[in-house]
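Engineer: You'll find entry-v7.cif just under this line, and it carries mmCIF, C-alpha atoms.
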data_work
loop_
_atom_site.label_atom_id
_atom_site.label_comp_id
_atom_site.auth_asym_id
_atom_site.auth_seq_id
_atom_site.Cartn_x
_atom_site.Cartn_y
_atom_site.Cartn_z
CA MET A 1074 99.98 105.33 109.55
CA SER A 1075 98.13 105.03 106.27
CA PRO A 1076 98.88 102.23 103.80
CA LEU A 1077 100.26 104.73 101.32
CA SER A 1078 102.59 106.41 103.78
CA ALA A 1079 103.83 103.03 105.01
CA GLN A 1080 104.69 102.01 101.49
CA GLN A 1081 106.44 105.31 100.80
CA LYS A 1082 108.58 105.12 103.93
CA SER A 1083 109.55 101.48 103.57
CA PRO A 1084 111.00 100.66 100.14
CA GLY A 1085 111.07 97.17 98.71
CA LEU A 1086 108.56 94.53 97.77
CA HIS A 1087 106.10 94.40 100.65
CA PHE A 1088 102.56 95.57 101.29
CA GLU A 1089 100.17 96.53 104.01
CA SER A 1090 97.86 93.79 105.19
CA ASP A 1091 94.10 93.76 104.79
CA THR A 1092 93.97 93.04 108.51
CA GLN A 1093 95.47 94.80 111.48
CA SER A 1094 96.99 91.56 112.79
CA ASP A 1095 99.46 90.96 109.97
CA ASP A 1096 102.85 90.69 111.68
CA ARG A 1097 105.64 90.74 109.12
CA SER A 1098 108.08 89.15 111.55
CA SER A 1099 105.97 86.03 112.14
CA TRP A 1100 105.69 82.87 110.07
CA SER A 1101 102.19 81.53 109.52
CA PRO A 1102 100.80 78.30 108.02
CA ALA A 1103 99.36 80.38 105.19
CA ASN A 1104 102.88 81.54 104.29
CA ALA A 1105 103.98 77.90 104.07
CA VAL A 1106 100.95 76.95 101.95
CA SER A 1107 101.62 79.87 99.58
CA LEU A 1108 105.30 78.93 99.29
CA ALA A 1109 104.40 75.29 98.61
CA ALA A 1110 101.77 76.22 96.02
CA GLY A 1111 104.35 78.21 94.07
CA LEU A 1112 107.29 75.85 94.57
CA LEU A 1113 105.41 72.72 93.47
CA THR A 1114 103.67 74.20 90.42
CA ALA A 1115 106.61 73.27 88.20
CA PHE A 1116 106.19 69.57 89.13
CA THR A 1117 103.31 67.48 87.78
CA VAL A 1118 101.42 64.27 88.45
CA SER A 1119 99.18 62.38 86.02
CA ILE A 1120 95.56 62.96 87.11
CA VAL A 1121 93.20 63.42 84.15
CA GLY A 1122 96.19 64.77 82.25
CA GLU A 1123 99.29 66.42 83.69
CA MET A 1124 98.35 68.26 86.87
CA PRO A 1125 100.70 70.64 88.74
CA VAL A 1126 101.37 69.52 92.29
CA GLY A 1127 100.99 73.15 93.34
CA GLU A 1128 97.40 72.97 92.14
CA LEU A 1129 96.78 70.16 94.63
CA VAL A 1130 98.00 72.53 97.36
CA LEU A 1131 95.50 75.17 96.21
CA ILE A 1132 92.71 72.57 96.16
CA ALA A 1133 93.60 71.69 99.76
CA ALA A 1134 93.49 75.40 100.67
CA VAL A 1135 90.01 75.71 99.15
CA GLY A 1136 88.98 72.57 101.03
CA TRP A 1137 90.16 74.17 104.27
CA LEU A 1138 88.23 77.32 103.34
CA ALA A 1139 85.08 75.28 102.70
CA LEU A 1140 85.44 73.51 106.05
CA ASN A 1141 85.75 76.87 107.83
CA VAL A 1142 82.70 78.22 106.03
CA LEU A 1143 80.68 75.17 107.05
CA THR A 1144 81.72 75.45 110.70
CA THR A 1145 81.49 79.24 111.07
CA LYS A 1146 78.58 79.78 108.63
CA GLN A 1147 80.30 82.80 107.09
CA LEU A 1148 82.96 83.71 104.56
CA PRO A 1149 86.29 85.20 105.68
CA GLY A 1150 86.27 88.97 105.62
CA ASN A 1151 88.91 89.13 102.91
CA LEU A 1152 86.57 87.28 100.52
CA ARG A 1153 83.24 88.69 101.62
CA HIS A 1154 83.84 92.13 100.13
CA ARG A 1155 85.74 91.13 96.97
CA GLN A 1156 83.14 91.87 94.32
CA LEU A 1157 85.70 91.53 91.53
CA LEU A 1158 86.54 88.00 92.68
CA TRP A 1159 82.91 86.95 92.38
CA VAL A 1160 82.74 88.52 88.92
CA MET A 1161 85.79 86.46 87.89
CA LEU A 1162 84.38 83.25 89.33
CA GLY A 1163 80.96 83.96 87.82
CA ALA A 1164 82.52 84.41 84.37
CA GLN A 1165 84.46 81.15 84.76
CA ILE A 1166 81.33 79.25 85.84
CA VAL A 1167 79.41 80.61 82.83
CA ALA A 1168 82.32 79.63 80.56
CA SER A 1169 82.33 76.13 82.07
CA CYS A 1170 78.61 75.75 81.33
CA ALA A 1171 79.31 76.78 77.74
CA TYR A 1172 81.94 74.02 77.53
CA VAL A 1173 79.39 71.49 78.76
CA PHE A 1174 76.94 72.54 76.05
CA SER A 1175 79.63 72.56 73.36
CA ASP A 1176 80.91 69.08 74.27
CA LEU A 1177 77.43 67.55 74.46
CA TYR A 1178 76.30 69.29 71.26
CA GLY A 1179 79.43 68.35 69.31
CA GLY A 1180 79.80 64.84 70.71
CA SER A 1181 83.29 65.19 72.16
CA SER A 1182 85.00 62.01 73.33
CA LEU A 1183 84.64 61.09 76.99
CA HIS A 1184 88.39 61.43 77.56
CA ASP A 1185 88.44 64.96 76.14
CA ILE A 1186 85.29 65.89 78.09
CA GLN A 1187 86.97 64.80 81.31
CA ARG A 1188 90.10 66.83 80.59
CA GLY A 1189 88.21 69.85 79.27
CA TRP A 1190 85.78 70.09 82.18
CA ALA A 1191 88.51 69.37 84.73
CA ARG A 1192 90.64 72.14 83.25
CA MET A 1193 87.81 74.67 83.62
CA GLY A 1194 86.88 73.51 87.11
CA PHE A 1195 90.45 73.51 88.39
CA LEU A 1196 90.98 77.05 87.07
CA ALA A 1197 88.02 78.28 89.15
CA ILE A 1198 89.36 76.47 92.23
CA ASP A 1199 92.84 77.90 91.68
CA ILE A 1200 91.47 81.46 91.46
CA LEU A 1201 89.51 81.03 94.70
CA GLY A 1202 92.48 79.47 96.49
CA ILE A 1203 94.89 82.22 95.39
CA ALA A 1204 92.37 84.94 96.31
CA TYR A 1205 91.96 83.40 99.77
CA LEU A 1206 95.72 83.23 100.37
CA PHE A 1207 96.66 86.63 98.93
CA GLY A 1208 93.71 88.28 100.65
CA SER A 1209 94.58 86.77 104.03
CA SER A 1210 98.00 88.43 104.01
CA ARG A 1211 99.81 90.21 101.23
CA ARG A 1212 103.01 88.56 102.32
CA ASN A 1213 101.51 85.37 100.89
CA PHE A 1214 101.92 86.82 97.40
CA ILE A 1215 105.65 87.25 98.01
CA TRP A 1216 105.94 83.71 99.36
CA TYR A 1217 103.99 82.30 96.41
CA LEU A 1218 106.06 84.15 93.82
CA THR A 1219 109.31 83.19 95.55
CA GLY A 1220 108.23 79.56 95.50
CA GLN A 1221 107.15 79.64 91.86
CA LEU A 1222 110.43 81.12 90.68
CA ALA A 1223 112.51 78.79 92.84
CA GLY A 1224 110.47 75.82 91.59
CA ASP A 1225 111.14 76.72 87.96
CA VAL A 1226 114.88 76.80 88.61
CA ILE A 1227 114.92 73.59 90.65
CA HIS A 1228 112.85 71.70 88.06
CA ALA A 1229 115.14 72.80 85.23
CA LEU A 1230 118.27 71.82 87.15
CA LEU A 1231 116.88 68.44 88.21
CA PHE A 1232 115.20 67.32 84.99
CA GLY A 1233 116.80 69.50 82.34
CA ALA A 1234 115.34 72.52 80.60
CA LEU A 1235 113.05 72.20 77.61
CA TYR A 1236 115.05 72.22 74.36
CA ASP A 1237 118.15 72.41 76.62
CA ASP A 1238 117.50 76.14 76.90
CA LEU A 1239 118.19 76.82 80.57
CA TRP A 1240 117.76 80.58 80.21
CA LYS A 1241 114.35 80.54 78.55
CA PHE A 1242 112.92 77.55 80.43
CA GLY A 1243 114.71 77.85 83.74
CA VAL A 1244 116.53 80.85 85.15
CA GLY A 1245 115.69 83.80 82.87
CA ILE A 1246 112.34 84.81 84.37
CA PRO A 1247 113.36 84.21 88.02
CA LEU A 1248 116.49 86.34 87.59
CA THR A 1249 114.43 89.09 85.98
CA TYR A 1250 111.98 89.25 88.89
CA LEU A 1251 114.87 89.24 91.36
CA ALA A 1252 116.66 92.04 89.50
CA LEU A 1253 113.54 94.22 89.40
CA ALA A 1254 112.75 93.60 93.08
CA LEU A 1255 116.28 94.59 94.11
CA ALA A 1256 116.45 97.56 91.73
CA SER A 1257 113.15 98.92 93.06
CA ARG A 1258 114.94 99.69 96.33
CA GLY A 1259 117.02 102.22 94.41
CA GLY A 1260 114.07 104.04 92.88
CA ALA A 1261 112.15 104.16 89.64
CA TRP A 1262 114.90 105.31 87.30
CA LEU A 1263 117.29 102.58 88.44
CA THR A 1264 114.46 100.07 87.98
CA ALA A 1265 113.80 101.35 84.44
CA GLY A 1266 117.50 101.02 83.61
CA VAL A 1267 117.65 97.47 84.98
CA ALA A 1268 114.52 96.58 83.00
CA CYS A 1269 116.21 97.83 79.82
CA LEU A 1270 119.31 95.79 80.61
CA ALA A 1271 117.11 92.73 81.21
CA ALA A 1272 115.42 93.31 77.84
CA VAL A 1273 118.79 93.37 76.05
CA THR A 1274 119.87 90.19 77.87
CA HIS A 1275 116.65 88.36 76.98
CA ALA A 1276 116.97 89.46 73.36
CA ALA A 1277 120.53 88.16 73.21
CA MET A 1278 119.30 84.83 74.64
CA ASP A 1279 116.46 84.64 72.07
CA PHE A 1280 113.74 85.07 74.72
CA ARG A 1281 111.72 87.54 72.71
CA SER A 1282 108.50 87.66 74.74
CA SER A 1283 110.35 88.48 77.96
CA ALA A 1284 112.52 91.03 76.17
CA LEU A 1285 109.39 92.83 75.00
CA ALA A 1286 107.82 92.63 78.47
CA CYS A 1287 110.95 94.11 80.07
CA LEU A 1288 110.99 96.96 77.54
CA ALA A 1289 107.38 97.67 78.44
CA VAL A 1290 108.20 97.60 82.19
CA ALA A 1291 110.97 100.15 81.59
CA ALA A 1292 108.60 102.39 79.64
CA LEU A 1293 105.78 102.13 82.19
CA THR A 1294 108.16 102.81 85.09
CA ALA A 1295 109.60 105.88 83.40
CA LEU A 1296 106.10 107.17 82.63
CA GLN A 1297 105.08 106.80 86.28
CA ARG A 1298 107.81 109.20 87.36
CA LEU A 1299 106.52 111.95 85.08
CA PRO A 1300 103.76 114.36 86.14
CA ARG A 1301 100.42 112.84 85.18
CA ILE A 1302 99.56 115.73 82.87
CA PHE A 1303 102.58 114.90 80.67
CA ARG A 1304 102.26 111.10 80.57
CA LEU A 1305 99.84 110.83 77.65
CA TRP A 1306 101.97 113.20 75.58
CA VAL A 1307 105.04 110.99 76.02
CA VAL A 1308 103.23 107.76 75.09
CA PRO A 1309 103.75 108.05 71.29
CA ALA A 1310 107.51 108.34 71.75
CA MET A 1311 107.47 105.41 74.17
CA LEU A 1312 105.50 103.33 71.66
CA ILE A 1313 107.97 104.12 68.91
CA VAL A 1314 110.88 103.07 71.14
CA THR A 1315 109.09 99.87 72.21
CA VAL A 1316 108.19 98.92 68.63
CA ALA A 1317 111.73 99.65 67.49
CA GLY A 1318 113.03 97.50 70.31
CA PHE A 1319 110.67 94.69 69.36
CA VAL A 1320 111.81 94.84 65.74
CA ALA A 1321 115.41 94.69 66.92
CA VAL A 1322 114.59 91.71 69.11
CA ARG A 1323 113.04 89.93 66.15
CA GLN A 1324 116.31 90.30 64.27
CA ILE A 1325 118.41 88.74 67.01
CA GLN A 1326 118.66 84.97 66.72
CA ALA A 1327 121.47 84.20 69.13
CA ASN A 1328 120.89 80.48 69.72
CA ASP A 1329 119.19 78.73 66.83
CA PRO A 1330 117.51 80.75 64.06
CA LYS A 1331 115.77 77.68 62.70
CA ARG A 1332 114.26 76.78 66.04
CA ALA A 1333 112.91 80.32 66.47
CA THR A 1334 111.40 80.19 62.98
CA ARG A 1335 109.86 76.79 63.64
CA SER A 1336 108.37 78.13 66.87
CA ASP A 1337 106.87 81.07 64.96
CA VAL A 1338 105.45 78.70 62.34
CA ALA A 1339 103.86 76.41 64.94
CA ARG A 1340 102.35 79.23 67.00
CA SER A 1341 101.01 81.17 64.03
CA SER A 1342 99.49 77.98 62.60
CA MET A 1343 97.73 77.34 65.92
CA LEU A 1344 96.36 80.88 65.96
CA ILE A 1345 95.07 80.63 62.38
CA ALA A 1346 93.45 77.24 62.97
CA ALA A 1347 91.82 78.39 66.21
CA TRP A 1348 90.53 81.57 64.55
CA GLU A 1349 89.05 79.58 61.68
CA GLY A 1350 87.42 77.30 64.26
CA ILE A 1351 85.81 80.34 65.92
CA GLN A 1352 84.47 81.54 62.57
CA ARG A 1353 83.12 78.07 61.79
CA HIS A 1354 81.22 77.64 65.09
CA PRO A 1355 81.12 80.99 66.93
CA LEU A 1356 78.26 80.09 69.28
CA ALA A 1357 78.35 76.32 69.80
CA GLY A 1358 82.16 76.02 69.74
CA ASN A 1359 84.17 72.99 68.63
CA GLY A 1360 84.32 71.09 71.91
CA SER A 1361 87.15 70.36 74.34
CA TRP A 1362 90.50 69.66 72.67
CA PHE A 1363 88.83 69.74 69.23
CA SER A 1364 88.48 65.96 69.23
CA HIS A 1365 85.48 65.88 66.84
CA SER A 1366 86.15 68.94 64.71
CA GLU A 1367 88.26 70.05 61.77
CA VAL A 1368 90.37 72.45 63.84
CA PHE A 1369 93.26 70.09 64.57
CA ALA A 1370 93.39 68.75 60.99
CA ASP A 1371 93.44 72.35 59.75
CA PHE A 1372 96.31 73.13 62.11
CA MET A 1373 98.40 70.23 60.79
CA THR A 1374 97.81 71.31 57.19
CA ILE A 1375 98.51 74.98 57.86
CA ARG A 1376 101.67 74.16 59.81
CA GLN A 1377 103.01 71.93 57.05
CA ASP A 1378 102.36 74.59 54.39
CA ARG A 1379 103.86 77.42 56.42
CA ALA A 1380 106.92 75.33 57.33
CA ARG A 1381 107.54 74.66 53.64
CA ILE A 1382 107.24 78.38 52.83
CA ALA A 1383 109.63 79.30 55.68
CA HIS A 1384 112.14 76.65 54.50
CA VAL A 1385 112.37 74.97 57.90
CA GLY A 1386 111.27 71.52 56.77
CA GLY A 1387 108.51 69.40 58.20
CA PHE A 1388 107.67 68.56 61.80
CA PRO A 1389 108.39 65.09 63.20
CA GLU A 1390 105.02 65.04 64.99
CA GLY A 1391 103.14 64.61 61.73
CA ASN A 1392 100.77 61.98 63.12
CA GLU A 1393 99.96 63.62 66.44
CA ASP A 1394 96.62 63.00 68.10
CA PRO A 1395 94.51 66.09 68.89
CA GLY A 1396 94.78 65.44 72.62
CA THR A 1397 98.58 65.58 72.64
CA VAL A 1398 98.91 69.20 71.49
CA ALA A 1399 97.86 72.25 73.52
CA PHE A 1400 97.14 75.20 71.25
CA HIS A 1401 99.15 78.26 72.30
CA SER A 1402 96.48 80.90 72.86
CA GLN A 1403 94.40 81.01 75.99
CA ILE A 1404 91.72 83.32 74.65
CA LEU A 1405 91.47 81.89 71.11
CA VAL A 1406 91.36 78.30 72.37
CA ALA A 1407 88.61 79.13 74.88
CA LEU A 1408 86.60 80.86 72.14
CA ALA A 1409 87.20 78.04 69.67
CA GLU A 1410 86.43 75.23 72.13
CA GLY A 1411 83.48 76.73 74.00
CA GLY A 1412 82.21 79.40 71.64
CA ILE A 1413 81.84 83.08 72.47
CA VAL A 1414 80.32 82.33 75.88
CA GLY A 1415 83.04 79.78 76.60
CA GLY A 1416 85.65 82.52 76.21
CA CYS A 1417 83.95 85.04 78.51
CA PHE A 1418 86.39 84.56 81.39
CA PHE A 1419 89.49 85.11 79.28
CA MET A 1420 87.88 88.12 77.60
CA LEU A 1421 87.24 89.57 81.08
CA PHE A 1422 90.78 88.63 82.12
CA GLY A 1423 92.25 90.50 79.15
CA ILE A 1424 90.13 93.60 79.81
CA LEU A 1425 91.19 93.65 83.46
CA LEU A 1426 94.88 93.30 82.54
CA ILE A 1427 94.72 96.18 80.07
CA ASP A 1428 92.73 98.34 82.50
CA ALA A 1429 95.12 97.62 85.38
CA LEU A 1430 98.18 98.43 83.26
CA TYR A 1431 96.51 101.68 82.17
CA ARG A 1432 95.70 102.65 85.76
CA LEU A 1433 99.20 101.72 86.93
CA THR A 1434 100.79 103.86 84.23
CA PHE A 1435 98.52 106.90 84.13
CA ARG A 1436 96.66 107.01 87.45
CA ARG A 1437 99.01 105.73 90.15
CA THR A 1438 102.10 107.18 91.81
CA TRP A 1439 105.10 104.89 91.49
CA GLN A 1440 105.56 102.37 94.30
CA PRO A 1441 108.44 99.87 94.69
CA HIS A 1442 106.21 96.84 94.04
CA HIS A 1443 104.73 98.20 90.80
CA PRO A 1444 107.48 96.87 88.47
CA VAL A 1445 106.91 93.32 89.71
CA PHE A 1446 103.14 93.75 89.32
CA ALA A 1447 103.66 95.19 85.82
CA LEU A 1448 105.96 92.35 84.71
CA MET A 1449 103.50 89.74 85.95
CA MET A 1450 100.58 91.43 84.16
CA LEU A 1451 102.53 91.91 80.93
CA LEU A 1452 103.69 88.28 80.83
CA SER A 1453 100.09 87.20 81.49
CA LEU A 1454 98.89 89.43 78.67
CA TRP A 1455 101.39 87.73 76.36
CA ASN A 1456 100.30 84.30 77.59
CA LEU A 1457 96.68 85.24 77.02
CA GLY A 1458 97.42 85.50 73.33
CA PHE A 1459 100.26 83.03 72.85
CA SER A 1460 100.32 80.34 75.56
CA PRO A 1461 98.01 77.45 76.54
CA PHE A 1462 96.00 77.36 79.75
CA SER A 1463 96.72 73.75 80.59
CA GLY A 1464 98.87 72.52 83.47
CA ALA A 1465 101.00 75.12 85.21
CA HIS A 1466 99.51 77.94 83.15
CA ARG A 1467 96.22 77.52 85.05
CA VAL A 1468 98.04 78.38 88.26
CA TYR A 1469 99.80 81.31 86.55
CA VAL A 1470 96.43 82.69 85.43
CA ALA A 1471 95.05 82.31 88.95
CA ALA A 1472 98.11 84.01 90.47
CA THR A 1473 97.70 86.97 88.13
CA CYS A 1474 94.03 87.17 89.10
CA GLY A 1475 95.25 87.39 92.70
CA VAL A 1476 97.60 90.24 91.74
CA LEU A 1477 94.73 92.04 90.00
CA LEU A 1478 92.67 91.74 93.20
CA LEU A 1479 95.58 93.19 95.19
CA PHE A 1480 96.03 96.00 92.69
CA TYR A 1481 92.37 97.04 92.66
CA ALA A 1482 92.15 96.72 96.45
CA GLU A 1483 95.15 99.05 96.66
CA GLY A 1484 93.19 101.52 94.53
CA GLU A 1485 90.22 101.29 96.89
CA ARG A 1486 92.47 102.17 99.85
CA LEU A 1487 93.85 105.17 97.97
CA ARG A 1488 90.40 106.46 97.01
CA PRO A 1489 89.75 109.96 98.43
CA ARG A 1490 87.49 109.95 101.47
CA THR A 1491 85.00 112.17 99.65
CA GLY A 1492 84.61 109.60 96.87
CA GLY A 1493 85.78 109.89 93.29
CA PRO A 1494 87.71 107.75 90.84
CA ILE A 1495 90.06 105.05 91.98
CA ARG A 1496 93.64 106.21 91.54
#
Kindly return the structure encoded in the file as structure tokens.

Structural biologist:
Amino acid sequence: MSPLSAQQKSPGLHFESDTQSDDRSSWSPANAVSLAAGLLTAFTVSIVGEMPVGELVLIAAVGWLALNVLTTKQLPGNLRHRQLLWVMLGAQIVASCAYVFSDLYGGSSLHDIQRGWARMGFLAIDILGIAYLFGSSRRNFIWYLTGQLAGDVIHALLFGALYDDLWKFGVGIPLTYLALALASRGGAWLTAGVACLAAVTHAAMDFRSSALACLAVAALTALQRLPRIFRLWVVPAMLIVTVAGFVAVRQIQANDPKRATRSDVARSSMLIAAWEGIQRHPLAGNGSWFSHSEVFADFMTIRQDRARIAHVGGFPEGNEDPGTVAFHSQILVALAEGGIVGGCFFMLFGILLIDALYRLTFRRTWQPHHPVFALMMLLSLWNLGFSPFSGAHRVYVAATCGVLLLFYAEGERLRPRTGGPIR
């Protein structure tokens, strides 16, 4: 039975293995490691900054991989033929070297150098660990994602949600993944309807980024069910509906309008300050955490001015140190800290996300796991522009890289035997 026919006959969120020995009924140590990596990502320990415990699990997995390579003198088969993985790791290594140059050239403080270099190194380790686990068995992706979502809920219930917003910082995303996974058993149109309902719910709970992502999942799922020749013609209408939905979401302030406005002010100020930092030092960068640059001072000034214009008052953190604030843009921060070369990994990451979403929408036939893949990619695309890559976000980036590897590997298996484009 081919991988495609197996997926078509067996609905739900599961995949064919890269190996013939993958027994879905068995429990393996790799399943437990994947579950632990996801479950413990929400919890942190203080090691050169706040480090997710799940990242320690991934480091242990890479250590086990290294030990096996040393003893067997060869890479596992699931890594040996993953050219895209080596491109990702190569880009991250080049970006890390750019950070080293930027910090030494700009004279960053030792504390910020330690945190900046550790952040880049851990991201590379996380990507390798996730690729090893997901490539060993595709069930490991399900175990990881289950653990990550359960960990978010458990952490919020044990320690309280950020800003006391249990939906946005606790149960909203896990419930959305669960709803899409269950709805996918009923087909694409049911999944699209559930995605729309999730978008309305997120909008009502003032979770605008997830509302937009769910609208996009609904649109992409509906497009996949149309004949390929008609999909491009329907895109303009889908874009109009999505933009209209986003505008409607922006108008809904169900919980605290002032808090939403303050969040917009803070994020936009970070983006402006980071962009000005890129323009100021496009090649050399401004160094890790901007400790010896004007970027952080510019951010404080811009935020104060924009808060006054928006009539939301000042911010209590007026005397923050640069090292206490993580700018909310993965790609802009990488470009501003390490220069153009320092941002090469996140530029590649963004290109791969857009390309994968395009292929999923216009080149692939709908499969039950596609909505979960799409939601993960869309949230990562949002985070690329509007979230930091410190702490747990490093693991999220690595997990999405693992999903991209699964997605492109799926395309390789569906390639016609005579050659041709990947579907």

Engineer: Applying 9 Å and all atoms listed in the file, which residues near A:Leu1138 remain after dropping the ones on its own chain fewer than 2 positions away? List them as a PDB file with C-alpha atoms, keeping the file's coordinate frame.

Structural biologist:
ATOM      1  CA  ALA A1133      93.600  71.690  99.760  1.00  0.00           C
ATOM      2  CA  ALA A1134      93.490  75.400 100.670  1.00  0.00           C
ATOM      3  CA  VAL A1135      90.010  75.710  99.150  1.00  0.00           C
ATOM      4  CA  GLY A1136      88.980  72.570 101.030  1.00  0.00           C
ATOM      5  CA  LEU A1140      85.440  73.510 106.050  1.00  0.00           C
ATOM      6  CA  ASN A1141      85.750  76.870 107.830  1.00  0.00           C
ATOM      7  CA  VAL A1142      82.700  78.220 106.030  1.00  0.00           C
ATOM      8  CA  LEU A1143      80.680  75.170 107.050  1.00  0.00           C
ATOM      9  CA  LEU A1148      82.960  83.710 104.560  1.00  0.00           C
ATOM     10  CA  PRO A1149      86.290  85.200 105.680  1.00  0.00           C
ATOM     11  CA  GLY A1202      92.480  79.470  96.490  1.00  0.00           C
ATOM     12  CA  TYR A1205      91.960  83.400  99.770  1.00  0.00           C
TER      13      TYR A1205
END

Engineer: Counting all atoms listed in the file, figure out which residue out of A:Phe1459, A:Leu1255, A:Arg1436, A:Gly1127 gets nearest to A:Phe1303.

Structural biologist: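 Between A:Phe1459, A:Leu1255, A:Arg1436, A:Gly1127, the residue approaching A:Phe1303 most closely is A:Arg1436.
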
Engineer: Fewer than 4 positions away in the same chain doesn't count, so skip those; otherwise give me all residues within 6 Å of A:Ser1361, counting only C-alpha atoms, as a list in words.

Structural biologist: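 Answer for this query is Asp1185, Gly1189 and Glu1410 of chain A.
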
Engineer: Please return, as a ChimeraX atom specification, all polymer residues that have at least one atom within 10 Å of the point (91.7, 77.4, 70.8); use all atoms listed in the file and the file's own coordinate frame.

Structural biologist: /A:1343-1351,1358-1363,1368-1369,1399-1412,1416,1461-1462

Engineer: Taking the file as shown, find all residues satisfying the PyMOL selection byres ((chain A and resi 1280-1295) around 8) and write them as a PyMOL selection string.

Structural biologist: chain A and resi 1241+1246+1261-1262+1264-1269+1271-1279+1296-1299+1311+1315+1318-1319+1322-1323+1434+1439+1444+1447-1448+1451-1452+1455

Engineer: To test your reading of the syntax: which residues would the PyMOL selection byres ((chain A and resi 1244) around 9) return for the file shown? Reply as number ranges by chain.

Structural biologist: A: 1222-1223, 1225-1226, 1229, 1239-1243, 1245-1249

Engineer: Once you count all atoms listed in the file, which residues end up no further than 8 Å from (91.7, 76.1, 89.7) in the file's frame, shown as a ChimeraX atom specification?

Structural biologist: /A:1128,1131-1132,1192-1202,1467-1468,1471

Engineer: Provide the atom CA of A:Leu1477 to atom CA of A:Leu1426 distance in Å, to one decimal place.

Structural biologist: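 Distance between the two atoms: 7.6 Å.
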